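Structure file target-v5.tsv; described as TSV, C-alpha atoms.
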```
chain	number	residue	atom	x	y	z
F	1	MET	CA	0.00	0.00	0.00
F	2	LEU	CA	1.29	3.49	-0.80
F	3	ASP	CA	2.21	5.47	2.30
F	4	LYS	CA	0.95	8.97	3.03
F	5	ASP	CA	4.02	10.63	1.51
F	6	GLN	CA	3.66	8.66	-1.73
F	7	ILE	CA	-0.06	9.47	-1.87
F	8	ALA	CA	0.65	13.15	-1.35
F	9	ALA	CA	3.38	13.13	-4.01
F	10	ALA	CA	1.11	11.49	-6.58
F	11	SER	CA	-1.68	13.97	-5.88
F	12	ARG	CA	0.71	16.93	-6.27
F	13	VAL	CA	1.76	15.70	-9.71
F	14	LEU	CA	-1.85	15.34	-10.88
F	15	VAL	CA	-2.91	18.70	-9.44
F	16	GLN	CA	0.00	20.48	-11.13
F	17	HIS	CA	-0.88	18.98	-14.50
F	18	TRP	CA	-4.53	19.95	-14.01
F	19	ARG	CA	-3.59	23.55	-13.20
F	20	ASP	CA	-1.12	23.75	-16.09
F	21	GLY	CA	-3.49	22.09	-18.57
F	22	SER	CA	-0.69	19.64	-19.38
F	23	LYS	CA	-0.56	15.84	-19.67
F	24	LEU	CA	1.63	13.03	-18.41
F	25	ASP	CA	2.20	9.49	-19.67
F	26	THR	CA	2.00	7.76	-16.29
F	27	LEU	CA	2.72	8.37	-12.64
F	28	GLU	CA	6.23	7.32	-11.66
F	29	ALA	CA	6.45	3.74	-10.38
F	30	PRO	CA	7.08	4.61	-6.69
F	31	VAL	CA	3.83	6.61	-6.47
F	32	ARG	CA	1.69	4.78	-9.04
F	33	PRO	CA	-1.48	3.23	-7.56
F	34	GLN	CA	-1.92	-0.51	-8.06
F	35	SER	CA	-5.47	-0.86	-6.74
F	36	ARG	CA	-8.78	0.99	-6.52
F	37	ILE	CA	-8.11	1.68	-2.82
F	38	GLU	CA	-4.78	3.35	-3.60
F	39	GLY	CA	-6.40	5.28	-6.44
F	40	TYR	CA	-9.11	6.60	-4.15
F	41	ALA	CA	-6.52	7.56	-1.52
F	42	ILE	CA	-4.73	9.74	-4.08
F	43	GLN	CA	-8.05	11.19	-5.24
F	44	ALA	CA	-8.93	12.14	-1.65
F	45	ALA	CA	-5.64	14.02	-1.41
F	46	LEU	CA	-6.59	16.00	-4.54
F	47	GLU	CA	-9.54	17.46	-2.64
F	48	THR	CA	-7.23	19.02	-0.05
F	49	GLN	CA	-5.34	20.87	-2.81
F	50	SER	CA	-8.35	22.13	-4.72
F	51	LEU	CA	-9.18	25.82	-4.93
F	52	GLY	CA	-12.84	24.93	-4.42
F	53	GLU	CA	-15.05	23.00	-2.02
F	54	LEU	CA	-16.52	19.54	-2.53
F	55	PHE	CA	-19.67	20.15	-4.60
F	56	GLY	CA	-20.61	16.55	-5.22
F	57	TRP	CA	-19.71	13.35	-7.02
F	58	LYS	CA	-19.55	11.99	-10.54
F	59	ILE	CA	-19.69	8.45	-11.78
F	60	ALA	CA	-17.53	7.56	-14.77
F	61	ALA	CA	-18.18	4.57	-17.02
F	62	THR	CA	-21.79	3.71	-16.15
F	63	SER	CA	-22.46	2.92	-19.81
F	64	VAL	CA	-20.79	0.40	-22.13
F	65	SER	CA	-19.69	3.26	-24.39
F	66	GLY	CA	-18.25	5.13	-21.41
F	67	GLN	CA	-16.36	2.04	-20.28
F	68	GLN	CA	-14.98	1.56	-23.78
F	69	HIS	CA	-14.00	5.24	-23.96
F	70	ILE	CA	-11.58	4.92	-21.02
F	71	ASN	CA	-11.01	1.15	-21.25
F	72	VAL	CA	-12.38	0.02	-17.89
F	73	THR	CA	-14.86	-2.71	-16.98
F	74	GLY	CA	-17.07	-0.87	-14.49
F	75	PRO	CA	-17.96	2.42	-12.79
F	76	LEU	CA	-15.51	4.77	-11.06
F	77	ALA	CA	-16.39	7.53	-8.56
F	78	GLY	CA	-14.88	11.00	-8.71
F	79	ARG	CA	-15.18	14.31	-6.89
F	80	ILE	CA	-16.83	17.41	-8.38
F	81	MET	CA	-15.19	20.53	-6.93
F	82	SER	CA	-17.05	23.84	-6.79
F	83	ASP	CA	-14.48	25.66	-8.92
F	84	THR	CA	-15.21	23.31	-11.85
F	85	VAL	CA	-18.98	23.96	-11.92
F	86	ILE	CA	-20.33	26.10	-14.78
F	87	ALA	CA	-23.69	27.86	-14.62
F	88	ASN	CA	-26.46	26.51	-16.81
F	89	GLY	CA	-26.18	28.29	-20.17
F	90	GLY	CA	-22.59	29.35	-19.48
F	91	THR	CA	-19.39	28.62	-21.40
F	92	ALA	CA	-16.72	25.97	-20.90
F	93	SER	CA	-13.11	26.45	-21.93
F	94	MET	CA	-11.64	23.80	-24.20
F	95	LYS	CA	-8.07	24.82	-23.29
F	96	GLY	CA	-5.99	21.74	-22.50
F	97	ASN	CA	-8.95	19.39	-22.92
F	98	GLU	CA	-7.86	16.30	-24.85
F	99	MET	CA	-10.96	14.15	-24.35
F	100	ARG	CA	-13.13	16.83	-26.01
F	101	VAL	CA	-16.50	15.21	-25.36
F	102	GLY	CA	-19.75	16.31	-23.76
F	103	GLU	CA	-21.98	13.93	-21.82
F	104	PRO	CA	-25.72	14.40	-21.05
F	105	GLU	CA	-26.47	13.14	-17.54
F	106	PHE	CA	-29.14	12.56	-14.88
F	107	ALA	CA	-28.14	14.27	-11.62
F	108	PHE	CA	-29.53	14.23	-8.10
F	109	ARG	CA	-29.04	16.56	-5.13
F	110	MET	CA	-29.09	14.84	-1.76
F	111	GLY	CA	-31.48	16.01	0.96
F	112	ARG	CA	-29.90	14.15	3.88
F	113	ASP	CA	-26.70	12.36	4.76
F	114	LEU	CA	-26.00	8.71	3.95
F	115	PRO	CA	-23.18	7.74	6.32
F	116	PRO	CA	-20.96	4.67	5.95
F	117	ARG	CA	-22.43	1.42	7.26
F	118	ALA	CA	-21.85	-2.32	6.99
F	119	ALA	CA	-25.04	-3.13	5.08
F	120	SER	CA	-25.49	-1.91	1.52
F	121	TYR	CA	-28.00	0.85	0.91
F	122	THR	CA	-31.01	-0.19	-1.15
F	123	ILE	CA	-32.16	1.89	-4.10
F	124	ASP	CA	-35.28	2.94	-2.17
F	125	GLU	CA	-33.20	4.06	0.82
F	126	VAL	CA	-30.96	6.17	-1.38
F	127	LEU	CA	-33.89	7.68	-3.28
F	128	SER	CA	-35.61	8.59	-0.02
F	129	ALA	CA	-32.53	10.70	0.83
F	130	VAL	CA	-32.69	12.66	-2.46
F	131	ASP	CA	-33.98	16.23	-2.44
F	132	SER	CA	-34.13	17.08	-6.17
F	133	PHE	CA	-33.49	15.95	-9.73
F	134	HIS	CA	-31.46	18.01	-12.23
F	135	PRO	CA	-30.50	17.69	-15.90
F	136	ALA	CA	-26.74	17.99	-16.30
F	137	ILE	CA	-23.82	17.95	-18.72
F	138	GLU	CA	-20.40	16.65	-17.81
F	139	ILE	CA	-17.26	17.63	-19.73
F	140	PRO	CA	-14.64	15.08	-18.67
F	141	ASP	CA	-10.91	15.07	-19.25
F	142	SER	CA	-7.84	13.25	-18.00
F	143	ARG	CA	-4.41	14.34	-16.92
F	144	PHE	CA	-3.08	11.24	-18.72
F	145	ARG	CA	-2.08	11.69	-22.34
F	146	ASP	CA	-3.30	8.19	-23.23
F	147	PHE	CA	-6.22	7.84	-20.84
F	148	ALA	CA	-7.39	4.64	-22.53
F	149	SER	CA	-4.26	2.83	-21.36
F	150	ALA	CA	-3.83	4.49	-17.94
F	151	GLY	CA	-5.76	1.75	-16.16
F	152	GLU	CA	-8.48	1.78	-13.54
F	153	ALA	CA	-6.34	2.65	-10.50
F	154	GLN	CA	-4.65	5.64	-12.16
F	155	LEU	CA	-7.94	6.91	-13.58
F	156	ILE	CA	-9.51	6.83	-10.11
F	157	ALA	CA	-6.47	8.73	-8.80
F	158	ASP	CA	-7.07	11.18	-11.67
F	159	ASN	CA	-10.48	11.93	-10.12
F	160	ALA	CA	-12.27	9.55	-12.49
F	161	CYS	CA	-11.63	12.02	-15.33
F	162	ALA	CA	-13.57	14.83	-13.65
F	163	HIS	CA	-13.03	18.18	-15.36
F	164	LEU	CA	-16.01	20.56	-15.83
F	165	PHE	CA	-19.68	20.19	-14.90
F	166	VAL	CA	-22.91	22.02	-15.79
F	167	LEU	CA	-25.93	21.68	-13.51
F	168	GLY	CA	-29.44	22.51	-14.67
F	169	GLU	CA	-32.22	23.81	-12.46
F	170	ALA	CA	-34.05	21.43	-10.12
F	171	THR	CA	-37.07	20.01	-11.91
F	172	ALA	CA	-40.56	20.91	-10.78
F	173	ALA	CA	-41.90	17.70	-12.31
F	174	ASN	CA	-42.69	14.63	-10.22
F	175	TRP	CA	-39.59	12.71	-11.29
F	176	ARG	CA	-40.14	10.04	-8.63
F	177	ALA	CA	-43.26	8.88	-10.46
F	178	MET	CA	-41.46	8.65	-13.82
F	179	ASP	CA	-39.68	5.69	-15.40
F	180	LEU	CA	-36.20	7.19	-15.70
F	181	VAL	CA	-35.02	4.05	-17.51
F	182	GLU	CA	-37.11	5.04	-20.52
F	183	GLU	CA	-36.42	8.78	-20.42
F	184	ARG	CA	-34.88	9.87	-23.74
F	185	PRO	CA	-33.22	13.29	-23.49
F	186	GLN	CA	-32.91	15.17	-26.79
F	187	ILE	CA	-29.41	16.51	-27.42
F	188	THR	CA	-28.71	19.30	-29.92
F	189	LEU	CA	-25.12	19.87	-31.04
F	190	ARG	CA	-23.87	21.62	-34.22
F	191	GLY	CA	-27.38	21.52	-35.65
F	192	GLU	CA	-27.59	17.74	-35.25
F	193	ARG	CA	-29.98	15.96	-32.91
F	194	TYR	CA	-29.15	12.93	-30.79
F	195	VAL	CA	-31.28	10.90	-28.40
F	196	GLY	CA	-30.05	9.67	-25.04
F	197	HIS	CA	-31.60	6.84	-23.06
F	198	GLY	CA	-31.90	6.40	-19.30
F	199	LYS	CA	-31.17	2.68	-19.56
F	200	ASN	CA	-27.64	3.50	-20.75
F	201	VAL	CA	-26.81	4.67	-17.21
F	202	LEU	CA	-25.98	1.36	-15.52
F	203	GLY	CA	-29.40	0.11	-16.64
F	204	ASP	CA	-31.15	2.80	-14.55
F	205	PRO	CA	-29.88	6.18	-13.25
F	206	ARG	CA	-31.31	5.28	-9.84
F	207	VAL	CA	-29.18	2.12	-9.76
F	208	ALA	CA	-26.13	4.25	-10.54
F	209	LEU	CA	-26.99	6.63	-7.70
F	210	ALA	CA	-27.24	3.73	-5.25
F	211	TRP	CA	-23.93	2.37	-6.56
F	212	LEU	CA	-22.26	5.69	-5.73
F	213	ALA	CA	-23.71	5.76	-2.21
F	214	ASN	CA	-22.43	2.25	-1.56
F	215	GLU	CA	-19.03	2.91	-3.16
F	216	LEU	CA	-18.55	5.86	-0.81
F	217	SER	CA	-19.83	3.86	2.16
F	218	GLY	CA	-17.24	1.18	1.45
F	219	LEU	CA	-14.57	3.89	1.48
F	220	GLY	CA	-15.80	5.26	4.82
F	221	ILE	CA	-17.16	8.43	3.22
F	222	THR	CA	-20.54	10.05	3.95
F	223	LEU	CA	-22.64	11.15	0.98
F	224	ARG	CA	-23.80	14.45	2.41
F	225	ALA	CA	-26.96	16.51	2.17
F	226	GLY	CA	-26.59	19.23	-0.45
F	227	GLN	CA	-24.09	17.30	-2.53
F	228	VAL	CA	-24.92	16.59	-6.18
F	229	VAL	CA	-24.39	13.20	-7.79
F	230	THR	CA	-24.22	13.02	-11.58
F	231	THR	CA	-24.75	9.46	-12.70
F	232	GLY	CA	-22.93	9.11	-16.02
F	233	THR	CA	-23.68	9.73	-19.65
F	234	CYS	CA	-26.96	8.53	-21.16
F	235	HIS	CA	-25.55	8.82	-24.70
F	236	PRO	CA	-22.17	7.79	-26.12
F	237	PRO	CA	-19.73	10.68	-25.45
F	238	LEU	CA	-20.28	13.38	-28.10
F	239	PRO	CA	-17.25	15.10	-29.70
F	240	ILE	CA	-17.12	18.84	-28.99
F	241	ALA	CA	-14.94	21.75	-30.10
F	242	ALA	CA	-14.58	25.47	-29.42
F	243	GLY	CA	-17.52	27.32	-30.96
F	244	ASP	CA	-19.98	24.48	-30.33
F	245	HIS	CA	-23.12	24.75	-28.21
F	246	MET	CA	-24.79	21.76	-26.57
F	247	THR	CA	-28.38	21.73	-25.33
F	248	VAL	CA	-29.96	18.74	-23.60
F	249	ASP	CA	-33.76	18.75	-23.35
F	250	PHE	CA	-35.12	16.34	-20.73
F	251	GLY	CA	-38.70	17.30	-21.56
F	252	VAL	CA	-40.76	17.98	-18.42
F	253	LEU	CA	-37.61	17.35	-16.36
F	254	GLY	CA	-35.93	20.48	-17.72
F	255	THR	CA	-33.19	21.68	-20.03
F	256	VAL	CA	-29.45	22.25	-19.59
F	257	ALA	CA	-27.04	23.94	-22.00
F	258	VAL	CA	-23.42	25.00	-22.36
F	259	GLY	CA	-21.24	26.67	-24.98
F	260	PHE	CA	-17.58	25.86	-25.68
F	261	VAL	CA	-14.80	28.36	-26.24
```
Take the structure from the file and write it as structure tokens.
Amino acid sequence: MLDKDQIAAASRVLVQHWRDGSKLDTLEAPVRPQSRIEGYAIQAALETQSLGELFGWKIAATSVSGQQHINVTGPLAGRIMSDTVIANGGTASMKGNEMRVGEPEFAFRMGRDLPPRAASYTIDEVLSAVDSFHPAIEIPDSRFRDFASAGEAQLIADNACAHLFVLGEATAANWRAMDLVEERPQITLRGERYVGHGKNVLGDPRVALAWLANELSGLGITLRAGQVVTTGTCHPPLPIAAGDHMTVDFGVLGTVAVGFV
């Protein structure tokens, strides 16, 4: 297991590359994580060096296309920091972004804490702790030049490819009564229309939300009231470039948009 000095050293390297907008091939062998636990330890150290506060959590690779995009076999949790959140309808810088994709997502804001415990949280228990539903767009990126070959442990250390995040307004619709599996958000990008599908998010966005709560519980972390969880893309990652504008229409659930510069 990496010791605290090695964890701190790895996090400093990743933070410096994030701030510089630069890339690295791999973390040096003495500080390179070899397991999910070591990856999460490095990720936790990133939070202490952030210029912002912990805003919430993202889940990477909840869809087959998302898993293929970064070459992993299952979901990864990452932190969303407040200084990476863009207002709905705002603009996102493409500077230093090598992934260059936008992802339409189902997001939830928690209404009460879910602390760590031995037993897994059920979907119903997690949903009962949710305060609101929000349409969202994630704009991921990696500090690794070849993120597809970085491996699961390094990608977790790299904050599960968290980069920028756009949160739409809380919906006024009764989302709890809706079948989110069959929700099909309409995405507009460069004059083209695409259709997302709730089932692409780990089979059900609510399943993904429960996965995140239990992943954090296993790490001894409380999912706190007020934090937002974005559950992963409901459409294969869409290529974006400076000058583009993406709008995602969730119908009665609301709309979220962002421009790229």
> When you draw a straight line from CA of Ile123 in chain F to CA of Gly220 in chain F, how long is it in Å?
Replying inline: 18.9 Å
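Separating CA of Ala41 in chain F from CA of Gln227 in chain F is a distance of 20.1 Å.
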Give me, as a tab-separated table, the closest atom pair and its distance (Å, one decimal) for every residue of range 170-261 of chain F within a cut-off of 10 Å of range 63-87 of chain F, counting only C-alpha atoms, rows sorted by chain and rising number.
```
residue	atom	partner	partner_atom	distance
F:Lys199	CA	F:Ser63	CA	8.7
F:Asn200	CA	F:Ser63	CA	5.3
F:Val201	CA	F:Ser63	CA	5.4
F:Leu202	CA	F:Ser63	CA	5.8
F:Gly203	CA	F:Ser63	CA	8.1
F:Ala208	CA	F:Pro75	CA	8.7
F:Trp211	CA	F:Pro75	CA	8.6
F:Leu212	CA	F:Ala77	CA	6.8
F:Ala213	CA	F:Ala77	CA	9.9
F:Glu215	CA	F:Ala77	CA	7.6
F:Leu216	CA	F:Ala77	CA	8.2
F:Gln227	CA	F:Ile80	CA	9.3
F:Val228	CA	F:Ile80	CA	8.4
F:Val229	CA	F:Ile80	CA	8.7
F:Thr230	CA	F:Ile80	CA	9.2
F:Thr231	CA	F:Ala77	CA	9.5
F:Gly232	CA	F:Ser63	CA	7.3
F:Thr233	CA	F:Ser63	CA	6.9
F:Cys234	CA	F:Ser63	CA	7.3
F:His235	CA	F:Ser65	CA	8.1
F:Pro236	CA	F:Ser65	CA	5.4
F:Pro237	CA	F:Gly66	CA	7.0
F:Val256	CA	F:Ala87	CA	9.5
F:Ala257	CA	F:Ala87	CA	9.0
F:Val258	CA	F:Ala87	CA	8.3
```
> If we count only C-alpha atoms, what is near Val126 in chain F at a cut-off of 10 Å, once residues fewer than 6 positions away on the same chain are taken out, given as a PyMOL selection string?
Replying inline: chain F and resi 110+112-114+206-207+209-214+223
> Quick one: of F:Ile7, F:Ala150, F:Val252, F:Ile37, who's nearest to Pro185 in chain F, counting all atoms listed in the file?
Replying inline: F:Val252
Can you list, as an mmCIF file with C-alpha atoms, keeping the file's coordinate frame, every protein, DNA or RNA residue that comes within 10 Å of Lys95 in chain F when you count all atoms listed in the file, leaving out same-chain residues fewer than 2 positions away?
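Written output follows (part06.cif):
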```cif
data_model
loop_
_atom_site.group_PDB
_atom_site.id
_atom_site.type_symbol
_atom_site.label_atom_id
_atom_site.label_comp_id
_atom_site.auth_asym_id
_atom_site.auth_seq_id
_atom_site.Cartn_x
_atom_site.Cartn_y
_atom_site.Cartn_z
ATOM 1 C CA GLY F 21 -3.490 22.090 -18.570
ATOM 2 C CA SER F 22 -0.690 19.640 -19.380
ATOM 3 C CA ALA F 92 -16.720 25.970 -20.900
ATOM 4 C CA SER F 93 -13.110 26.450 -21.930
ATOM 5 C CA ASN F 97 -8.950 19.390 -22.920
ATOM 6 C CA GLU F 98 -7.860 16.300 -24.850
ATOM 7 C CA ARG F 100 -13.130 16.830 -26.010
ATOM 8 C CA ALA F 242 -14.580 25.470 -29.420
ATOM 9 C CA PHE F 260 -17.580 25.860 -25.680
ATOM 10 C CA VAL F 261 -14.800 28.360 -26.240
#
```
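Counting from CA of Gly90 in chain F, the distance to CA of Glu103 in chain F is 15.6 Å.
Between Phe108 in chain F and the candidates F:Leu219, F:Leu54, F:Ile156, F:Ala225, the tightest atom-to-atom separation, counting only C-alpha atoms, involves F:Ala225.
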> Which one of F:Gly111, F:Pro116, F:Pro140, F:Gly251 sits closest to Gly96 in chain F if you count all atoms listed in the file?
Replying inline: F:Pro140
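Considering all atoms listed in the file, the residue among F:Phe55, F:Phe133, F:Phe250, F:Tyr121 positioned nearest to Gly196 in chain F is F:Phe250.
Counting all atoms listed in the file and comparing F:Ala9, F:Leu164, F:Glu53, F:Ile221, the residue that lies closest to Thr91 in chain F is F:Leu164.
Nearest residue to His134 in chain F among F:Gln49, F:Ser149, F:Asn88, F:Thr122 is F:Asn88, counting only C-alpha atoms.
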